[in-house]
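Novice: my_file-v8.cif is the file, holding mmCIF, C-alpha atoms:
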```cif
data_coords
loop_
_atom_site.label_atom_id
_atom_site.label_comp_id
_atom_site.auth_asym_id
_atom_site.auth_seq_id
_atom_site.Cartn_x
_atom_site.Cartn_y
_atom_site.Cartn_z
CA MET A 1 14.35 5.36 -29.44
CA GLY A 2 15.55 2.43 -27.37
CA LEU A 3 13.56 0.29 -25.00
CA LEU A 4 10.66 1.24 -22.79
CA HIS A 5 10.65 -0.84 -19.62
CA THR A 6 7.45 -1.06 -17.58
CA VAL A 7 7.50 -2.23 -13.94
CA ASN A 8 4.21 -3.10 -12.26
CA LYS A 9 5.34 -4.64 -8.95
CA SER A 10 6.18 -2.97 -5.65
CA PRO A 11 9.95 -2.94 -5.10
CA PHE A 12 9.36 -3.91 -1.47
CA GLU A 13 7.64 -7.14 -2.40
CA LYS A 14 9.25 -8.38 -5.62
CA SER A 15 12.69 -8.20 -7.23
CA THR A 16 11.17 -6.90 -10.49
CA LEU A 17 12.62 -3.41 -10.18
CA ASP A 18 16.07 -4.73 -9.26
CA SER A 19 16.09 -6.97 -12.33
CA CYS A 20 14.94 -4.13 -14.56
CA LEU A 21 17.59 -1.73 -13.28
CA ARG A 22 20.26 -4.42 -13.61
CA VAL A 23 19.77 -4.82 -17.35
CA ALA A 24 18.21 -1.53 -18.49
CA LYS A 25 20.67 0.31 -20.74
CA ASP A 26 21.60 3.95 -20.38
CA GLY A 27 19.27 6.07 -22.44
CA SER A 28 16.34 3.69 -22.10
CA SER A 29 13.11 4.66 -20.38
CA ILE A 30 11.37 3.13 -17.39
CA LEU A 31 7.68 3.55 -16.63
CA PHE A 32 6.25 2.61 -13.24
CA ILE A 33 2.66 1.39 -13.35
CA GLU A 34 0.22 -0.24 -10.90
CA ASP A 35 2.05 -1.26 -7.68
CA GLY A 36 5.29 -0.34 -9.44
CA ILE A 37 4.59 3.32 -8.68
CA TYR A 38 5.76 2.85 -5.09
CA ALA A 39 9.30 2.93 -6.54
CA ALA A 40 8.66 6.55 -7.60
CA LEU A 41 8.26 7.80 -4.03
CA ASP A 42 10.79 9.81 -2.07
CA GLY A 43 12.04 8.88 1.39
CA THR A 44 11.87 5.11 0.94
CA THR A 45 14.63 2.52 1.17
CA TYR A 46 14.49 2.36 -2.65
CA SER A 47 14.61 6.08 -3.40
CA ASP A 48 18.41 6.30 -3.68
CA LYS A 49 18.56 3.41 -6.12
CA VAL A 50 15.94 5.03 -8.34
CA LYS A 51 17.66 8.43 -8.12
CA GLU A 52 20.88 6.79 -9.27
CA ALA A 53 19.04 5.26 -12.24
CA MET A 54 17.58 8.65 -13.11
CA LYS A 55 21.07 9.92 -13.96
CA SER A 56 21.21 7.72 -17.05
CA LYS A 57 17.59 6.86 -17.78
CA LYS A 58 14.32 8.72 -18.13
CA ILE A 59 11.80 7.60 -15.52
CA TYR A 60 8.05 8.01 -15.66
CA ALA A 61 5.14 7.03 -13.41
CA LEU A 62 1.52 6.58 -14.41
CA GLY A 63 -0.47 9.36 -12.70
CA PRO A 64 -3.79 7.52 -12.33
CA ASP A 65 -2.02 4.69 -10.46
CA VAL A 66 -0.24 7.22 -8.21
CA ASN A 67 -3.50 9.03 -7.43
CA ALA A 68 -5.36 5.79 -6.70
CA ARG A 69 -2.81 4.94 -4.03
CA GLY A 70 -2.96 8.32 -2.30
CA VAL A 71 0.76 9.07 -2.63
CA GLN A 72 0.63 12.04 -5.03
CA SER A 73 2.62 14.31 -2.71
CA LYS A 74 5.52 11.87 -2.35
CA VAL A 75 6.61 11.37 -5.94
CA MET A 76 10.29 12.30 -6.18
CA GLU A 77 11.54 15.20 -8.23
CA GLY A 78 12.67 14.30 -11.72
CA ILE A 79 10.07 11.60 -12.31
CA GLU A 80 7.55 12.61 -14.94
CA LEU A 81 3.92 11.77 -14.24
CA ILE A 82 1.97 10.79 -17.34
CA ASP A 83 -1.62 9.78 -18.13
CA TYR A 84 -2.86 6.91 -20.31
CA ALA A 85 -2.45 8.96 -23.50
CA GLY A 86 1.12 9.66 -22.46
CA PHE A 87 1.62 5.90 -21.93
CA VAL A 88 0.50 5.30 -25.52
CA ASN A 89 2.86 8.00 -26.77
CA LEU A 90 5.79 6.41 -24.93
CA VAL A 91 5.01 3.04 -26.50
CA THR A 92 4.94 4.55 -30.00
CA GLU A 93 8.11 6.59 -29.42
CA HIS A 94 10.21 3.60 -28.36
CA ASP A 95 11.43 0.73 -30.52
CA SER A 96 9.85 -1.87 -28.24
CA VAL A 97 8.46 -2.46 -24.78
CA GLN A 98 9.79 -4.80 -22.12
CA SER A 99 7.05 -5.46 -19.57
CA TRP A 100 8.66 -6.64 -16.35
CA LEU A 101 6.12 -8.70 -14.41
CA MET B 1 -25.41 -17.16 23.90
CA ALA B 2 -22.39 -17.91 25.99
CA GLU B 3 -20.22 -19.02 23.15
CA GLU B 4 -16.52 -18.63 23.40
CA VAL B 5 -15.15 -15.43 21.94
CA LYS B 6 -11.89 -15.98 20.13
CA LYS B 7 -9.15 -13.54 19.33
CA PHE B 8 -8.82 -13.07 15.58
CA LEU B 9 -5.88 -11.23 14.06
CA TYR B 10 -5.93 -10.27 10.39
CA VAL B 11 -2.48 -9.63 8.95
CA ASN B 12 -2.47 -7.31 5.92
CA ARG B 13 0.76 -7.23 3.92
CA LYS B 14 -0.28 -6.25 0.39
CA ALA B 15 -0.71 -2.86 -1.28
CA PRO B 16 -4.24 -2.00 -2.44
CA TYR B 17 -5.53 -2.17 -6.06
CA GLY B 18 -2.58 -4.02 -7.63
CA THR B 19 -3.95 -7.29 -6.25
CA ILE B 20 -7.29 -8.26 -4.70
CA TYR B 21 -5.85 -9.21 -1.27
CA ALA B 22 -6.55 -5.90 0.47
CA TRP B 23 -10.19 -5.81 -0.56
CA GLU B 24 -10.75 -9.50 0.19
CA SER B 25 -9.25 -9.05 3.65
CA LEU B 26 -11.58 -6.15 4.38
CA GLU B 27 -14.58 -8.26 3.38
CA VAL B 28 -13.52 -11.13 5.63
CA VAL B 29 -12.84 -8.74 8.53
CA LEU B 30 -16.34 -7.28 8.28
CA ILE B 31 -17.88 -10.76 8.19
CA GLY B 32 -15.80 -11.90 11.17
CA ALA B 33 -16.74 -8.80 13.15
CA ALA B 34 -20.43 -9.53 12.56
CA PHE B 35 -19.96 -12.79 14.50
CA GLU B 36 -18.92 -10.77 17.55
CA GLN B 37 -15.43 -12.14 17.81
CA ASP B 38 -12.50 -10.19 19.23
CA VAL B 39 -11.05 -8.79 16.01
CA SER B 40 -7.86 -6.84 15.51
CA LEU B 41 -5.89 -5.97 12.37
CA VAL B 42 -2.23 -5.61 11.54
CA PHE B 43 -0.90 -3.55 8.66
CA MET B 44 2.72 -4.30 7.84
CA ASP B 45 5.02 -4.39 4.79
CA ASP B 46 3.14 -3.01 1.75
CA GLY B 47 -0.09 -3.43 3.72
CA VAL B 48 0.53 -0.03 5.31
CA TYR B 49 -0.24 1.50 1.90
CA GLN B 50 -3.86 0.36 2.31
CA LEU B 51 -4.42 3.09 4.89
CA THR B 52 -3.01 6.12 3.03
CA LYS B 53 -5.12 9.26 2.95
CA GLY B 54 -6.30 10.79 -0.31
CA GLN B 55 -6.79 7.71 -2.46
CA GLU B 56 -8.52 8.76 -5.70
CA THR B 57 -9.28 5.80 -7.94
CA LYS B 58 -11.43 7.38 -10.64
CA GLY B 59 -8.49 7.34 -13.05
CA ILE B 60 -8.03 3.56 -12.83
CA GLN B 61 -11.78 2.87 -12.86
CA MET B 62 -11.71 0.78 -9.70
CA LYS B 63 -13.78 1.10 -6.55
CA ASN B 64 -12.09 3.23 -3.91
CA PHE B 65 -12.56 1.03 -0.85
CA SER B 66 -10.38 3.14 1.45
CA PRO B 67 -13.40 4.89 3.11
CA THR B 68 -14.48 1.46 4.37
CA TYR B 69 -11.60 1.43 6.87
CA SER B 70 -13.20 4.33 8.72
CA ALA B 71 -16.32 2.17 9.22
CA LEU B 72 -14.41 -0.54 11.08
CA GLY B 73 -15.01 1.24 14.40
CA ASP B 74 -18.76 0.84 13.89
CA TYR B 75 -18.19 -2.90 13.51
CA ASP B 76 -16.50 -2.99 16.92
CA VAL B 77 -13.04 -3.28 15.39
CA LYS B 78 -11.16 -1.11 17.85
CA THR B 79 -7.61 -2.26 17.45
CA ILE B 80 -5.55 -1.62 14.34
CA TYR B 81 -1.83 -2.22 14.64
CA VAL B 82 0.57 -0.53 12.22
CA GLU B 83 4.17 -1.72 12.20
CA LYS B 84 6.62 1.13 12.65
CA GLU B 85 9.44 -0.55 10.71
CA SER B 86 7.20 -0.85 7.65
CA LEU B 87 6.27 2.84 7.76
CA ASP B 88 9.92 3.85 8.20
CA ALA B 89 11.09 1.82 5.20
CA ARG B 90 8.51 3.61 3.06
CA GLY B 91 9.16 7.12 4.32
CA LEU B 92 5.68 7.26 5.86
CA THR B 93 4.41 8.45 9.24
CA LEU B 94 1.01 8.07 10.90
CA ASP B 95 0.16 11.51 9.46
CA ASP B 96 0.14 9.94 6.00
CA LEU B 97 -2.54 7.47 7.09
CA GLN B 98 -6.24 7.91 7.70
CA HIS B 99 -7.23 8.89 11.22
CA LEU B 100 -9.32 5.90 12.31
CA ILE B 101 -11.44 6.05 15.46
CA TYR B 102 -13.96 4.04 17.45
CA GLU B 103 -16.47 5.02 20.14
CA ASP B 104 -15.68 3.61 23.57
CA GLU B 105 -18.97 2.42 25.04
CA ASP B 106 -17.38 2.16 28.50
CA GLU B 107 -16.49 5.86 28.49
CA ASP B 108 -19.71 7.49 27.31
CA TYR B 109 -18.87 6.76 23.68
CA ALA B 110 -15.79 8.92 23.68
CA GLU B 111 -13.95 8.82 20.35
CA LYS B 112 -10.63 7.03 20.60
CA ASP B 113 -7.86 6.25 18.14
CA SER B 114 -8.01 2.78 16.63
CA ILE B 115 -4.51 2.82 15.21
CA GLN B 116 -1.62 1.75 17.44
CA LEU B 117 1.92 2.12 16.20
CA VAL B 118 3.88 -1.00 17.20
CA THR B 119 7.40 -2.28 16.70
CA SER B 120 8.22 -5.66 15.19
CA ALA B 121 9.06 -6.95 18.66
CA GLU B 122 5.68 -5.83 20.00
CA LEU B 123 4.00 -7.39 16.99
CA ALA B 124 5.65 -10.71 17.77
CA ASP B 125 3.99 -10.71 21.21
CA ILE B 126 0.64 -9.64 19.77
CA MET B 127 0.68 -12.51 17.27
CA GLU B 128 1.49 -15.01 19.99
CA GLN B 129 -1.58 -13.97 21.97
CA GLN B 130 -4.09 -14.79 19.22
CA ASP B 131 -6.38 -17.79 18.80
CA VAL B 132 -6.59 -17.36 15.03
CA VAL B 133 -4.27 -15.50 12.65
CA LEU B 134 -5.44 -14.91 9.09
CA SER B 135 -2.96 -13.62 6.55
CA PHE B 136 -3.67 -11.54 3.46
#
```
Represent the supplied structure as structure tokens.

Specialist:
Amino acid sequence: MGLLHTVNKSPFEKSTLDSCLRVAKDGSSILFIEDGIYAALDGTTYSDKVKEAMKSKKIYALGPDVNARGVQSKVMEGIELIDYAGFVNLVTEHDSVQSWL
Amino acid sequence: MAEEVKKFLYVNRKAPYGTIYAWESLEVVLIGAAFEQDVSLVFMDDGVYQLTKGQETKGIQMKNFSPTYSALGDYDVKTIYVEKESLDARGLTLDDLQHLIYEDEDEDYAEKDSIQLVTSAELADIMEQQDVVLSF
């Protein structure tokens, strides 16, 4: 089932998310982990870009990383929060994983 | 001891947990404060995320150091600048951040807010007034 992209950098600090979105194909999945979860939040200068991506790609964020950063209430609608077991499931369900660093 | 007191400004620009910068900065701030220098902090860019309320780190098995910020007042760190432009870009307001206070010894230990919301232009002036600027 296509590629799973993981993004672990804040979109405000690195171009990692931009690069990922530039080459991620429709139908692929993107998982935000670590500081990458800031891309999952509503009301930021990046929210519109992520919402646009959500039209053609499934987007997830790792719940434990969201909770650690105290931004639980700001995750935008349509992004699925998963736990570590869910992370493992995503890896097994996809053909391969592209870890953007 | 009549040693010269210098103005130290610590500039925090990194989100917590993803890298060690936020925690290292906090350690250095506490050490610097123990030497009775004039210490103030800036949180800008992703550094504003260090101060969010409700951090719960059990799930990532890391130490939640966010309660330490509320101890800064006890270390005589009374001035914490937060850049407005950085909050705006992230859809945050001061309500999303911890309420940090210090006790003003000149006013019968009245509790006062440590956090001051400043613009980039105000920050430019603040930085210029320092003896030492340390960046994390």

Novice: Applying the PyMOL selection byres ((chain B and resi 38) around 8) to the file I just gave you, which residues come out? Please list them as a list of chain:residue names.

Specialist: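 Output of the PyMOL selection byres ((chain B and resi 38) around 8): B:Val5, B:Lys6, B:Lys7, B:Phe8, B:Ala33, B:Glu36, B:Gln37, B:Val39, B:Ser40, B:Val77.
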
Novice: Selection in question (the file shown): the PyMOL selection byres ((chain A) within 10 of (chain B)). Which residues does it include, as a tab-separated table (two decimals) with C-alpha atoms, in the frame of the given file?

Specialist:
```tsv
chain	number	residue	atom	x	y	z
A	8	ASN	CA	4.21	-3.10	-12.26
A	9	LYS	CA	5.34	-4.64	-8.95
A	10	SER	CA	6.18	-2.97	-5.65
A	11	PRO	CA	9.95	-2.94	-5.10
A	12	PHE	CA	9.36	-3.91	-1.47
A	13	GLU	CA	7.64	-7.14	-2.40
A	33	ILE	CA	2.66	1.39	-13.35
A	34	GLU	CA	0.22	-0.24	-10.90
A	35	ASP	CA	2.05	-1.26	-7.68
A	36	GLY	CA	5.29	-0.34	-9.44
A	38	TYR	CA	5.76	2.85	-5.09
A	39	ALA	CA	9.30	2.93	-6.54
A	41	LEU	CA	8.26	7.80	-4.03
A	42	ASP	CA	10.79	9.81	-2.07
A	43	GLY	CA	12.04	8.88	1.39
A	44	THR	CA	11.87	5.11	0.94
A	45	THR	CA	14.63	2.52	1.17
A	46	TYR	CA	14.49	2.36	-2.65
A	47	SER	CA	14.61	6.08	-3.40
A	63	GLY	CA	-0.47	9.36	-12.70
A	64	PRO	CA	-3.79	7.52	-12.33
A	65	ASP	CA	-2.02	4.69	-10.46
A	66	VAL	CA	-0.24	7.22	-8.21
A	67	ASN	CA	-3.50	9.03	-7.43
A	68	ALA	CA	-5.36	5.79	-6.70
A	69	ARG	CA	-2.81	4.94	-4.03
A	70	GLY	CA	-2.96	8.32	-2.30
A	71	VAL	CA	0.76	9.07	-2.63
A	72	GLN	CA	0.63	12.04	-5.03
A	73	SER	CA	2.62	14.31	-2.71
A	74	LYS	CA	5.52	11.87	-2.35
A	83	ASP	CA	-1.62	9.78	-18.13
A	84	TYR	CA	-2.86	6.91	-20.31
```

Novice: Starting from the PyMOL selection byres ((chain B and resi 135) around 7), expand the selection into actual residues of this file and give them as a list of chain:residue names.

Specialist: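 Selected by the PyMOL selection byres ((chain B and resi 135) around 7) in this file: B:Tyr10, B:Val11, B:Asn12, B:Val133, B:Leu134, B:Phe136.
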
Novice: Would you pick out the contacts of Ser29 of chain A at 6 Å or less, using all atoms listed in the file, so that residues sharing its chain but fewer than 5 positions from it are not included, and give the list as JSON, numbers by chain?

Specialist: {"A": [4, 57, 58, 59]}

Novice: Save out the residues we just selected, C-alpha atoms, as a PDB file, in the coordinates of the input.

Specialist:
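This went into again.pdb:
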```pdb
ATOM      1  CA  LEU A   4      10.660   1.240 -22.790  1.00  0.00           C
ATOM      2  CA  LYS A  57      17.590   6.860 -17.780  1.00  0.00           C
ATOM      3  CA  LYS A  58      14.320   8.720 -18.130  1.00  0.00           C
ATOM      4  CA  ILE A  59      11.800   7.600 -15.520  1.00  0.00           C
TER       5      ILE A  59
END
```

Novice: Considering only C-alpha atoms, return as a list of chain:residue names whatever protein or nucleic-acid residues lie within 10 Å of Asp113 of chain B, sequence-local ones (same chain, fewer than 5 positions apart) excluded.

Specialist: B:Gly73, B:Lys78, B:Thr79, B:Ile80, B:His99, B:Leu100, B:Ile101, B:Tyr102, B:Glu103, B:Asp104

Novice: Could you jot down the atom CA of Lys51 of chain A to atom CA of Gly2 of chain A separation for me, Å, one decimal place?

Specialist: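 Separation between atom CA of Lys51 of chain A and atom CA of Gly2 of chain A: 20.3 Å.
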
Novice: At what distance in Å, to one decimal, does atom CA of Val82 of chain B lie from atom CA of Val50 of chain A?

Specialist: 26.3 Å

Novice: In Å, with one decimal, what is the gap from atom CA of Met127 of chain B to atom CA of Val42 of chain B?

Specialist: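 So the two atoms, atom CA of Met127 of chain B and atom CA of Val42 of chain B, lie 9.4 Å apart.
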
Novice: I'd like to know which of A:Leu21, A:Ser99, A:Leu81, A:Phe32 is closest to Ala53 of chain A, using only C-alpha atoms.

Specialist: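 Distance minimum relative to Ala53 of chain A lands on A:Leu21.
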
Novice: Around segment 4-7 of chain B, with edges along x, y and z and 8 Å added on all six sides, what centre and edge lengths do you get, in Å to one decimal, as lines of an AutoDock Vina configuration file?

Specialist:
```
center_x = -12.8
center_y = -16.1
center_z = 21.4
size_x = 23.4
size_y = 21.1
size_z = 20.1
```

Novice: Hey, what's within 12 Å of Gln98 of chain A if we count all atoms listed in the file and toss same-chain stuff fewer than 4 positions away? As a PyMOL selection string, please?

Specialist: chain A and resi 2-8+16+19-20+23-24+28-31+91+94

Novice: Which is closest to Glu77 of chain A among A:Met1, A:Leu17, A:Met54, A:Lys25, if we use only C-alpha atoms?

Specialist: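 Nearest to Glu77 of chain A: A:Met54.
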